Number of protein chains: 2
Amino acid sequence: MIPLPPSESCPVQRILADLFARHRGCVEGHVASYIPELAKADPDTFGICVATTDGHLYEVGDSRHRFTIQSISKPFVYGLALDEHGLGPMARKVGVEPSGDAFNAISLAKEDGRPLNPMINAGAIATTGQVAAASPGDRIATILDMLRRYTGRTLDIDTAVYESEARTGHRNRAIGHLLRNHDVLTDDPTAAVDDYFRQCSVLVDCRDLAIMAATLANRGVNPLTGERAIRVEHVHSVLSVMASCGMYDSSGSWLYDVGMPAKSGVGGGVLAVLAGQFGIGVFSPRLDKRGNSVRAVRVCVDLSRVWELHQFDPPYCPQTSRRLSYSCAVRHSTRVRREAEFACLRDHGDAVCVHEVQGMLTLATAEPVVRTILAKLEGVKALIIDFGHVTGINASAARILADLAAEIGRRGSRVLFTTTDHLPDLSRIVAEHLGQPTATALCQFAALDPAMESCEDGIIRSFLPAPVPAGSRLDSWEITVGMSATELAVFQSLVSQRTFHCGDRIVRQGDDAHDLFLIVRGVIGVWLGDDSGDARRIASYSAGTMVGGMAFIDGQPRSATLVAESMVDCSVLSRDAFDRLERSHPAMYARMLRNIAASLSAKLRHANESLGVLGNRNG
Amino acid sequence: MIPLPPSESCPVQRILADLFARHRGCVEGHVASYIPELAKADPDTFGICVATTDGHLYEVGDSRHRFTIQSISKPFVYGLALDEHGLGPMARKVGVEPSGDAFNAISLAKEDGRPLNPMINAGAIATTGQVAAASPGDRIATILDMLRRYTGRTLDIDTAVYESEARTGHRNRAIGHLLRNHDVLTDDPTAAVDDYFRQCSVLVDCRDLAIMAATLANRGVNPLTGERAIRVEHVHSVLSVMASCGMYDSSGSWLYDVGMPAKSGVGGGVLAVLAGQFGIGVFSPRLDKRGNSVRAVRVCVDLSRVWELHQFDPPYCPQTSRRLSYSCAVRHSTRVRREAEFACLRDHGDAVCVHEVQGMLTLATAEPVVRTILAKLEGVKALIIDFGHVTGINASAARILADLAAEIGRRGSRVLFTTTDHLPDLSRIVAEHLGQPTATALCQFAALDPAMESCEDGIIRSFLPAPVPAGSRLDSWEITVGMSATELAVFQSLVSQRTFHCGDRIVRQGDDAHDLFLIVRGVIGVWLGDDSGDARRIASYSAGTMVGGMAFIDGQPRSATLVAESMVDCSVLSRDAFDRLERSHPAMYARMLRNIAASLSAKLRHANESLGVLGNRNG
């Protein structure tokens with residue numbers, strides 16, 4: 001295999017390179033000139049960067065070329081003001097309606113002089129004015145630090161652009177005074193306008209824009225640094241004003257053609273956000289007559305089409321949150337039991353239902369689960385919902401599942417949520433909703449298997465007569481099937497009695513195998529892995545069963561560690577005693593071999609059944 | 001268990017009932033009076049309906065109360081016009097920019113007289129005028145039929161409302177003539193305005209609105225009838241104009257507060273769409289001063305908050321498209337092989353990598369898969385991507401996976417896509433992209449297991465010496481381990497030779513077990529299920545292994561059907577011959593039992609390993 005440079009071999013990178021090549025020849029539009037310093041930009045520079053929400057970057061062209069952020073700063077400062085003041089107070093200062101006018105129009109509401117939205121200059125200046133400033137210089141320092149959280153690096157102001165903007169920004173100063181007149185600004189408006197000029201003159205590159213966008217896409221957390229840049233509850237507010245007003249007076253057609261919240265700046269940058277998925281930054285300084293970068297708009301239109309990123313393109317999303325559903329009649333826990341107990345589970349196991357759910361649980365994906373479970377409750381005595389394959393859960397999904405648990409509880413059935421440790425929000429919301437004792441009982445099992453065991457035990461208790469100590473009668477064991485009274489007496493003389501305390505390690509993984517254990521009383525757990533924390537319980541054995549047969553037969557080292565899960569009484573058959581039997585009682589020896597082989601065979605049947613259920617695609 | 005009426009017991013229904021109770025007391029706003037007939041509406045009526053994209057309905061209150069659709073017809077007629085003319089021609093007639101003005105303002109673009117968007121009256125009348133009409137009455141019939149596809153039932157026009165609107169709609173007639181003046185309408189504008197009045201007078205209820213919304217949420221297919229109501233490529237266009245202009249001049253704050261494309265009508269209805277998830281219909285005739293139903297807006301604001309439906313709330317979406325990744329060194333196919341072959345796979349199986357992917361594959365979820373695979377190609381001779389747990393795939397994801405396959409092919413490695421039958425788009429796009437022969441080779445295995453077998457065979461061929469016909473030497477079998485020359489001779493005399501042809505059923509599931517099969521040459525497949533179509537191949541056995549041991553030992557009926565997968569030569573040991581051996585050669589009998597038990601033990605070890613990998617949560 002010949003390694004190729006990643007840029008050539010990666011299909012994602014190649015799509016960006018193709019887009020770059022396709023639009024690089026476009027020389028339509030003009031570099032902004034209303035601020036003299038902006039007119040000096042090299043019109044041919046062109047860069048694209050896409051950042052994923054796990055912090056991977058794809059870059060092409062002049063993606064590290066610096067330019068001034070200009071209006072792209074507006075939604076971020078708006079988010080900062082929301083974090084400082086909250087939605088209500090900000091709503092009294094700046095509206096969220098598209099104005100239908102150009103970005104520099106003085107669109108103030110007739111009733112109260114509020115700017116119509118924070119993306120036009122009037123709204124942006126009003127927003128900057130809301131950022132707290134104890135002393136001069138404080139406000140821009142706060143704004144720069146906010147931007148640093150989004151980009152992951154300290155940003156500089158282009159002094160020449162700032163000074164050029166400050167020299168010529170008479171219209172923005174007029175806006176500042178009008179805002180002061182309407183008491184939207186309550187201090188000296190000159191300072192707010194000056195900080196607004198500075199915030200517009202911050203130097204960024206495409207990579208910065210893409211990471212800023214990916215931070216919004218990632219619920220406000222910078223995917224590279226892990227630092228939170230904005231409170232999570234304000235992310236959708238910022239994205240909403242970008243969606244309705246972000247692209248000057250072609251915001252409607254941008255939403256129509258591209259379908260992502262975005263913001264452009266007269267410096268030539270465009271930043272677009274696909275919530276939960278990507279951040280995109282594009283730079284090319286030639287602008288169309290509405291002030292948007294010609295190439296950047298075309299790149300985003302193409303990317304949206306080629307990558308199917310339009311936010312209103314409903315994904316084909318069948319109801320896939322149910323992974324597997326089964327009852328204990330068809331799939332058991334890994335507990336190995338006596339045949340009579342297995343038969344009882346086959347007959348009555350339908351009373352225990354297991355639903356394994358998967359994916360991201362929201363109301364839309366949890367609702368079909370709730371609906372299906374409610375429709376099939378007839379005869380169900382215990383219900384287990386396993387979250388092992390759930391990747392995330394939001395509050396609304398957690399609430400309706402808590403409601404479902406309460407409903408099932410009211411009907412007198414047992415309900416368990418298993419494998420919930422990785423979903424702290426679920427346990428928290430369940431506790432808030434149903435009280436801590438109920439929540440603790442509901443989530444008492446960290447894994448599915450012990451919960452299934454516990455529900456199976458319940459069924460066996462209610463249908464089988466009180467268990468005779470299973471090993472107390474020699475002839476009730478798997479290994480003694482078909483033995484004569486004489487042979488049973490010989491067998492009795494061969495085995496020794498041993499008692500283990502709860503937690504005792506009976507054998508360790510990797511040990512040589514010397515003994516076969518016949519459980520008279522108690523439960524033995526089978527664990528893979530060591531004590532370093534990745535140990536996993538893969539099965540358990542009940543009274544009346546034998547454990548340790550595999551290594552006993554094939555002479556391999558122990559494949560697992562055996563742990564007493566309660567006080568355990570065993571009859572123990574040693575290999576030496578068994579081997580001696582070959583000479584002294586060959587027929588009895590063969591019968592025992594056959595019984596051990598039959599036990600292995602039964603376990604293999606169970607394992608194959610479990611593999612069948614687990615391997616089932618749409619159970 | 002006491003069954004409760006579903007409305008009480010379902011948590012989703014209960015949330016709607018709570019919302020209904022919370023807002024029913026609100027009597028703010030006024031019933032529309034600009035059309036005299038509308039003023040007659042009962043101001044207290046109030047209904048809510050939510051429809052899922054799989055066609056389930058949750059209803060509360062007066063959800064079956066009929067009212068006139070009014071402006072809610074606009075986006076649907078716009079979709080019809082897009083289907084008839086396409087995006088480009090429609091863009092020349094009607095824009096997609098919010099106007100910032102009231103719904104009845106005559107907002108036409110200065111340059112060409114185009115209405116700014118299809119949601120204001122001017123744009124809606126222009127849109128209705130684009131619907132083809134060969135003769136009078138045709139157009140409204142076409143519109144009614146389109147609405148029928150969305151609701152699943154035939155709709156009527158409220159004649160009284162239509163006549164009232166027709167009597168008083170002077171402003172709309174003026175708009176019609178202005179549109180004719182600008183050549184946006186090219187025929188008699190009176191007919192278009194008249195049909196516009198009729199379309200606004202169509203009678204619907206909340207249930208209709210919710211199903212119409214769910215149809216848009218479901219990529220344009222009515223979830224109850226399965227009928228397509230609009231071409232899939234125009235769904236996002238309709239949703240985009242709803243998002244930017246759907247709620248009159250509070251569209252910006254609606255997007256900000258609710259975050260779903262929506263449309264309201266002065267009849268008191270509001271329809272909201274959460275793409276891929278839900279459709280919502282609410283009705284209450286008291287309107288705020290912008291013309292939106294007061295209660296409906298509040299219900300939607302609450303629903304969006306409680307159910308976390310805001311479209312710009314990025315779901316917490318970790319990169320979960322990789323379900324399991326492993327190599328053939330740690331997890332084998334279900335092929336049972338000689339120990340030497342298993343050892344070879346343990347040593348060299350890392351050259352075969354399997355990636356099981358899951359969920360909905362879009363660019364955002366496929367990209368991390370592509371990236372991870374490219375980063376770990378060193379030493380990989382064969383790569384399998386299994387799609388068995390993939391619920392859907394869009395074109396962009398299919399394309400980058402095809403690109404990835406091409407890239408791996410160029411590097412000289414083998415690549416296979418398995419379990420792709422349920423994803424016809426994937427095979428189609430791969431064929432378009434790489435050509436049909438490559439696509440056929442890439443997707444040659446319908447399931448993962450035979451693909452793994454095939455790749456394992458490749459490894460074994462390149463690392464093990466050319467296989468001696470494994471059964472040709474008696475002492476190379478599992479069952480003869482440890483036998484003396486004399487015993488081997490006895491064994492030889494006990495077994496008979498049988499040959500099967502490819503496709504022969506060697507034993508059938510449920511049969512009594514008489515024979516143990518020792519494979520000399522060829523492969524035997526193990527199948528569960530019957531010939532009715534749900535048969536499943538669960539394992540296969542190579543030369544040198546024994547098959548049929550479980551039933552042979554425990555006397556249970558055959559647990560599976562055995563099928564020759566090639567010309568198969570077997571040595572067959574009958575139960576009778578084996579049982580006779582117990583008396584005649586007890587030591588040899590015990591040795592063979594022990595060997596069979598060891599073979600079962602080895603199979604059980606493999607099954608437990610597979611269960612370990614399959615049960616692994618984040619492999």
# chains A, B, ... in the order shown; residues from 1 in each chain; ligands from 1

$ residues_around --residues "range 110-116 of chain B" --least-positions-apart "4" --cutoff "10 Å" --atoms "only C-alpha atoms" --output "PyMOL selection string"
(chain A and resi 100+252) or (chain B and resi 91-100+106+120-127+175+178-184+245)

$ write_last_selection --atoms "N, CA and C atoms" --output "compact mmCIF listing (two decimals), in the first residue's frame"
# COMPACT_ATOMS: atom_id res chain seq x y z
N GLY A 100 -35.85 44.21 5.92
CA GLY A 100 -36.14 44.44 4.51
C GLY A 100 -35.32 45.58 3.93
N GLY A 252 -33.21 36.21 2.94
CA GLY A 252 -34.27 35.28 2.52
C GLY A 252 -33.79 34.33 1.45
N ALA B 91 -38.67 31.89 -9.62
CA ALA B 91 -37.88 32.98 -9.05
C ALA B 91 -38.05 34.27 -9.86
N ARG B 92 -38.36 34.13 -11.15
CA ARG B 92 -38.56 35.32 -11.98
C ARG B 92 -39.93 35.96 -11.75
N LYS B 93 -40.83 35.22 -11.08
CA LYS B 93 -42.18 35.75 -10.82
C LYS B 93 -42.34 36.29 -9.40
N VAL B 94 -41.74 35.58 -8.43
CA VAL B 94 -41.92 35.92 -7.02
C VAL B 94 -40.59 35.75 -6.29
N GLY B 95 -40.22 36.74 -5.46
CA GLY B 95 -38.97 36.66 -4.70
C GLY B 95 -39.12 35.81 -3.44
N VAL B 96 -38.06 35.76 -2.64
CA VAL B 96 -38.11 34.98 -1.40
C VAL B 96 -37.54 35.79 -0.23
N GLU B 97 -37.63 37.13 -0.34
CA GLU B 97 -37.11 37.97 0.75
C GLU B 97 -38.24 38.44 1.65
N PRO B 98 -38.03 38.39 2.97
CA PRO B 98 -39.03 38.99 3.86
C PRO B 98 -39.20 40.47 3.53
N SER B 99 -40.43 40.97 3.65
CA SER B 99 -40.69 42.34 3.22
C SER B 99 -40.54 43.34 4.36
N GLY B 100 -40.65 42.88 5.59
CA GLY B 100 -40.66 43.82 6.70
C GLY B 100 -41.97 44.59 6.78
N ILE B 106 -48.51 46.25 -0.41
CA ILE B 106 -48.27 45.93 -1.82
C ILE B 106 -46.77 46.00 -2.05
N ILE B 120 -46.79 37.02 1.33
CA ILE B 120 -47.64 38.21 1.35
C ILE B 120 -48.72 38.04 0.28
N ASN B 121 -49.82 38.80 0.41
CA ASN B 121 -50.94 38.60 -0.53
C ASN B 121 -50.50 38.76 -1.98
N ALA B 122 -49.68 39.78 -2.24
CA ALA B 122 -49.27 40.03 -3.62
C ALA B 122 -48.55 38.80 -4.20
N GLY B 123 -47.63 38.24 -3.39
CA GLY B 123 -46.89 37.08 -3.86
C GLY B 123 -47.76 35.85 -3.99
N ALA B 124 -48.74 35.73 -3.09
CA ALA B 124 -49.62 34.56 -3.12
C ALA B 124 -50.53 34.61 -4.35
N ILE B 125 -51.05 35.80 -4.67
CA ILE B 125 -51.91 35.93 -5.85
C ILE B 125 -51.08 35.65 -7.12
N ALA B 126 -49.84 36.19 -7.13
CA ALA B 126 -48.95 35.91 -8.27
C ALA B 126 -48.72 34.41 -8.39
N THR B 127 -48.55 33.72 -7.26
CA THR B 127 -48.29 32.28 -7.27
C THR B 127 -49.50 31.51 -7.77
N ILE B 175 -54.27 44.53 -6.26
CA ILE B 175 -52.96 43.86 -6.36
C ILE B 175 -52.90 43.06 -7.66
N LEU B 178 -52.19 45.30 -10.52
CA LEU B 178 -50.79 45.76 -10.51
C LEU B 178 -49.86 44.66 -11.01
N LEU B 179 -50.12 43.42 -10.60
CA LEU B 179 -49.28 42.29 -11.04
C LEU B 179 -49.42 42.12 -12.56
N ARG B 180 -50.63 42.32 -13.07
CA ARG B 180 -50.84 42.24 -14.52
C ARG B 180 -50.06 43.34 -15.22
N ASN B 181 -50.09 44.55 -14.59
CA ASN B 181 -49.37 45.70 -15.14
C ASN B 181 -47.88 45.41 -15.27
N HIS B 182 -47.32 44.68 -14.29
CA HIS B 182 -45.88 44.36 -14.31
C HIS B 182 -45.61 43.06 -15.07
N ASP B 183 -46.65 42.47 -15.69
CA ASP B 183 -46.50 41.20 -16.42
C ASP B 183 -46.08 40.03 -15.53
N VAL B 184 -46.27 40.17 -14.20
CA VAL B 184 -46.07 39.01 -13.33
C VAL B 184 -47.23 38.04 -13.60
N CYS B 245 -40.75 34.03 6.11
CA CYS B 245 -41.88 34.94 5.88
C CYS B 245 -43.23 34.36 6.32

$ residues_around --residues "Asp62 in chain B" --least-positions-apart "2" --cutoff "7 Å" --atoms "only C-alpha atoms" --output "ChimeraX atom specification"
/B:45-47,60,64-65

$ write_last_selection --atoms "C-alpha atoms" --output "CSV table (one decimal), in the first residue's frame"
chain,number,residue,atom,x,y,z
B,45,THR,CA,-62.9,27.0,19.9
B,46,PHE,CA,-59.4,25.7,20.5
B,47,GLY,CA,-57.7,22.5,19.2
B,60,VAL,CA,-56.8,17.5,22.1
B,64,ARG,CA,-61.9,18.3,14.4
B,65,HIS,CA,-63.6,21.7,14.2

$ residues_around --residues "Glu339 in chain A" --least-positions-apart "2" --cutoff "10 Å" --atoms "only C-alpha atoms" --output "list of chain:residue names"
A:Val336, A:Arg337, A:Glu341, A:Phe342, A:Ala343, A:Cys344, A:Leu345, A:Glu478, A:Gly544, A:Thr545, A:Ala602

$ select_by_dssp --residues "range 235-295 of chain B" --states "helix (DSSP H, G or I)" --output "list in words"
Val235, His236, Ser237, Val238, Leu239, Ser240, Val241, Met242, Ala243, Ser244, Cys245, Tyr248, Asp249, Ser250, Ser251, Gly252, Ser253, Trp254, Leu255, Tyr256, Asp257, Val294 and Arg295 of chain B

$ write_last_selection --atoms "N, CA and C atoms" --output "CSV table (one decimal), in the first residue's frame"
chain,number,residue,atom,x,y,z
B,235,VAL,N,-39.4,20.5,-1.2
B,235,VAL,CA,-39.8,20.6,0.2
B,235,VAL,C,-39.0,21.7,1.0
B,236,HIS,N,-37.7,21.7,0.8
B,236,HIS,CA,-36.9,22.7,1.6
B,236,HIS,C,-37.2,24.1,1.1
B,237,SER,N,-37.6,24.2,-0.2
B,237,SER,CA,-37.9,25.6,-0.7
B,237,SER,C,-39.1,26.1,0.0
B,238,VAL,N,-40.2,25.3,0.1
B,238,VAL,CA,-41.4,25.7,0.8
B,238,VAL,C,-41.1,26.0,2.2
B,239,LEU,N,-40.4,25.1,2.9
B,239,LEU,CA,-40.1,25.3,4.3
B,239,LEU,C,-39.3,26.6,4.5
B,240,SER,N,-38.4,26.9,3.6
B,240,SER,CA,-37.5,28.1,3.7
B,240,SER,C,-38.4,29.4,3.7
B,241,VAL,N,-39.3,29.5,2.7
B,241,VAL,CA,-40.2,30.7,2.7
B,241,VAL,C,-41.1,30.8,3.9
B,242,MET,N,-41.5,29.6,4.4
B,242,MET,CA,-42.3,29.6,5.7
B,242,MET,C,-41.4,30.1,6.8
B,243,ALA,N,-40.1,29.7,6.9
B,243,ALA,CA,-39.2,30.1,7.9
B,243,ALA,C,-39.0,31.6,7.9
B,244,SER,N,-38.8,32.2,6.7
B,244,SER,CA,-38.4,33.6,6.7
B,244,SER,C,-39.6,34.5,6.6
B,245,CYS,N,-40.7,34.0,6.1
B,245,CYS,CA,-41.9,34.9,5.9
B,245,CYS,C,-43.2,34.4,6.3
B,248,TYR,N,-46.3,36.4,9.0
B,248,TYR,CA,-46.5,37.8,8.8
B,248,TYR,C,-45.3,38.6,9.3
B,249,ASP,N,-45.5,39.8,9.9
B,249,ASP,CA,-44.4,40.5,10.3
B,249,ASP,C,-43.9,40.2,11.7
B,250,SER,N,-44.2,39.0,12.2
B,250,SER,CA,-43.5,38.5,13.4
B,250,SER,C,-42.7,37.2,13.0
B,251,SER,N,-42.4,37.1,11.7
B,251,SER,CA,-41.7,35.9,11.3
B,251,SER,C,-40.3,35.8,12.0
B,252,GLY,N,-39.6,36.9,12.2
B,252,GLY,CA,-38.3,36.9,12.8
B,252,GLY,C,-38.4,36.4,14.3
B,253,SER,N,-39.4,37.0,15.0
B,253,SER,CA,-39.5,36.6,16.4
B,253,SER,C,-40.0,35.2,16.6
B,254,TRP,N,-40.9,34.7,15.6
B,254,TRP,CA,-41.3,33.3,15.6
B,254,TRP,C,-40.1,32.4,15.5
B,255,LEU,N,-39.3,32.7,14.5
B,255,LEU,CA,-38.1,31.8,14.2
B,255,LEU,C,-37.2,31.8,15.5
B,256,TYR,N,-37.1,33.0,16.1
B,256,TYR,CA,-36.3,33.2,17.3
B,256,TYR,C,-36.9,32.4,18.5
B,257,ASP,N,-38.2,32.5,18.7
B,257,ASP,CA,-38.8,31.9,19.9
B,257,ASP,C,-39.2,30.4,19.6
B,294,VAL,N,-53.5,34.0,18.9
B,294,VAL,CA,-52.8,34.2,20.2
B,294,VAL,C,-52.5,32.9,20.9
B,295,ARG,N,-53.5,32.1,21.0
B,295,ARG,CA,-53.3,30.8,21.7
B,295,ARG,C,-52.4,29.9,20.9

$ closest_residue --among "A:Thr440, A:Ser293, A:Ser496, A:Thr215" --to "Pro43 in chain A" --atoms "only C-alpha atoms"
A:Ser293

$ residues_around --residues "range 387-392 of chain A" --least-positions-apart "3" --cutoff "6 Å" --atoms "only C-alpha atoms" --output "list of chain:residue names"
A:Val357, A:Gln358, A:Gly359, A:Met360, A:Thr419, A:Thr420

$ select_by_dssp --residues "range 169-325 of chain A" --states "strand (DSSP E or B)" --output "count of residues only"
27

$ residues_around --residues "range 374-380 of chain B" --least-positions-apart "6" --cutoff "7 Å" --atoms "only C-alpha atoms" --output "list in words"
Ala351, Val352 and Cys353 of chain B

$ write_last_selection --atoms "C-alpha atoms" --output "JSON list (two decimals), in the first residue's frame"
[["chain", "number", "residue", "atom", "x", "y", "z"],
["B", 351, "ALA", "CA", -4.78, -7.41, 7.74],
["B", 352, "VAL", "CA", -8.58, -7.70, 7.52],
["B", 353, "CYS", "CA", -10.47, -4.79, 9.09]]

$ closest_residue --among "B:Arg290, B:His56, B:Arg198, B:Arg148" --to "Gly169 in chain B" --atoms "only C-alpha atoms"
B:Arg198

$ closest_residue --among "A:His310, A:Lys74, A:Arg508, A:His501" --to "chain B" --atoms "only C-alpha atoms"
A:His310

$ residues_around --residues "range 300-303 of chain B" --least-positions-apart "6" --cutoff "8 Å" --atoms "only C-alpha atoms" --output "PyMOL selection string"
chain B and resi 19+257-258+309

$ atom_distance --atom1 "CA of Ser427 in chain B" --atom2 "CA of Leu324 in chain A"
26.6 Å

$ residues_around --residues "Gln199 in chain B" --least-positions-apart "6" --cutoff "8 Å" --atoms "only C-alpha atoms" --output "ChimeraX atom specification"
/B:69-70,73,140,143-144,157

$ write_last_selection --atoms "C-alpha atoms" --output "PDB file, in the first residue's frame"
ATOM      1  CA  ILE B  69     -57.434  27.688   5.779  1.00  0.00           C
ATOM      2  CA  GLN B  70     -56.811  31.289   4.624  1.00  0.00           C
ATOM      3  CA  SER B  73     -52.834  27.709   1.733  1.00  0.00           C
ATOM      4  CA  ILE B 140     -59.002  25.516  -8.260  1.00  0.00           C
ATOM      5  CA  ILE B 143     -55.262  23.219  -6.058  1.00  0.00           C
ATOM      6  CA  LEU B 144     -57.937  21.208  -4.233  1.00  0.00           C
ATOM      7  CA  ILE B 157     -64.795  25.313   0.063  1.00  0.00           C
TER       8      ILE B 157
END

$ closest_residue --among "B:Arg605, B:Ala364, B:Ala587, B:Thr186" --to "Val50 in chain A" --atoms "only C-alpha atoms"
B:Ala364
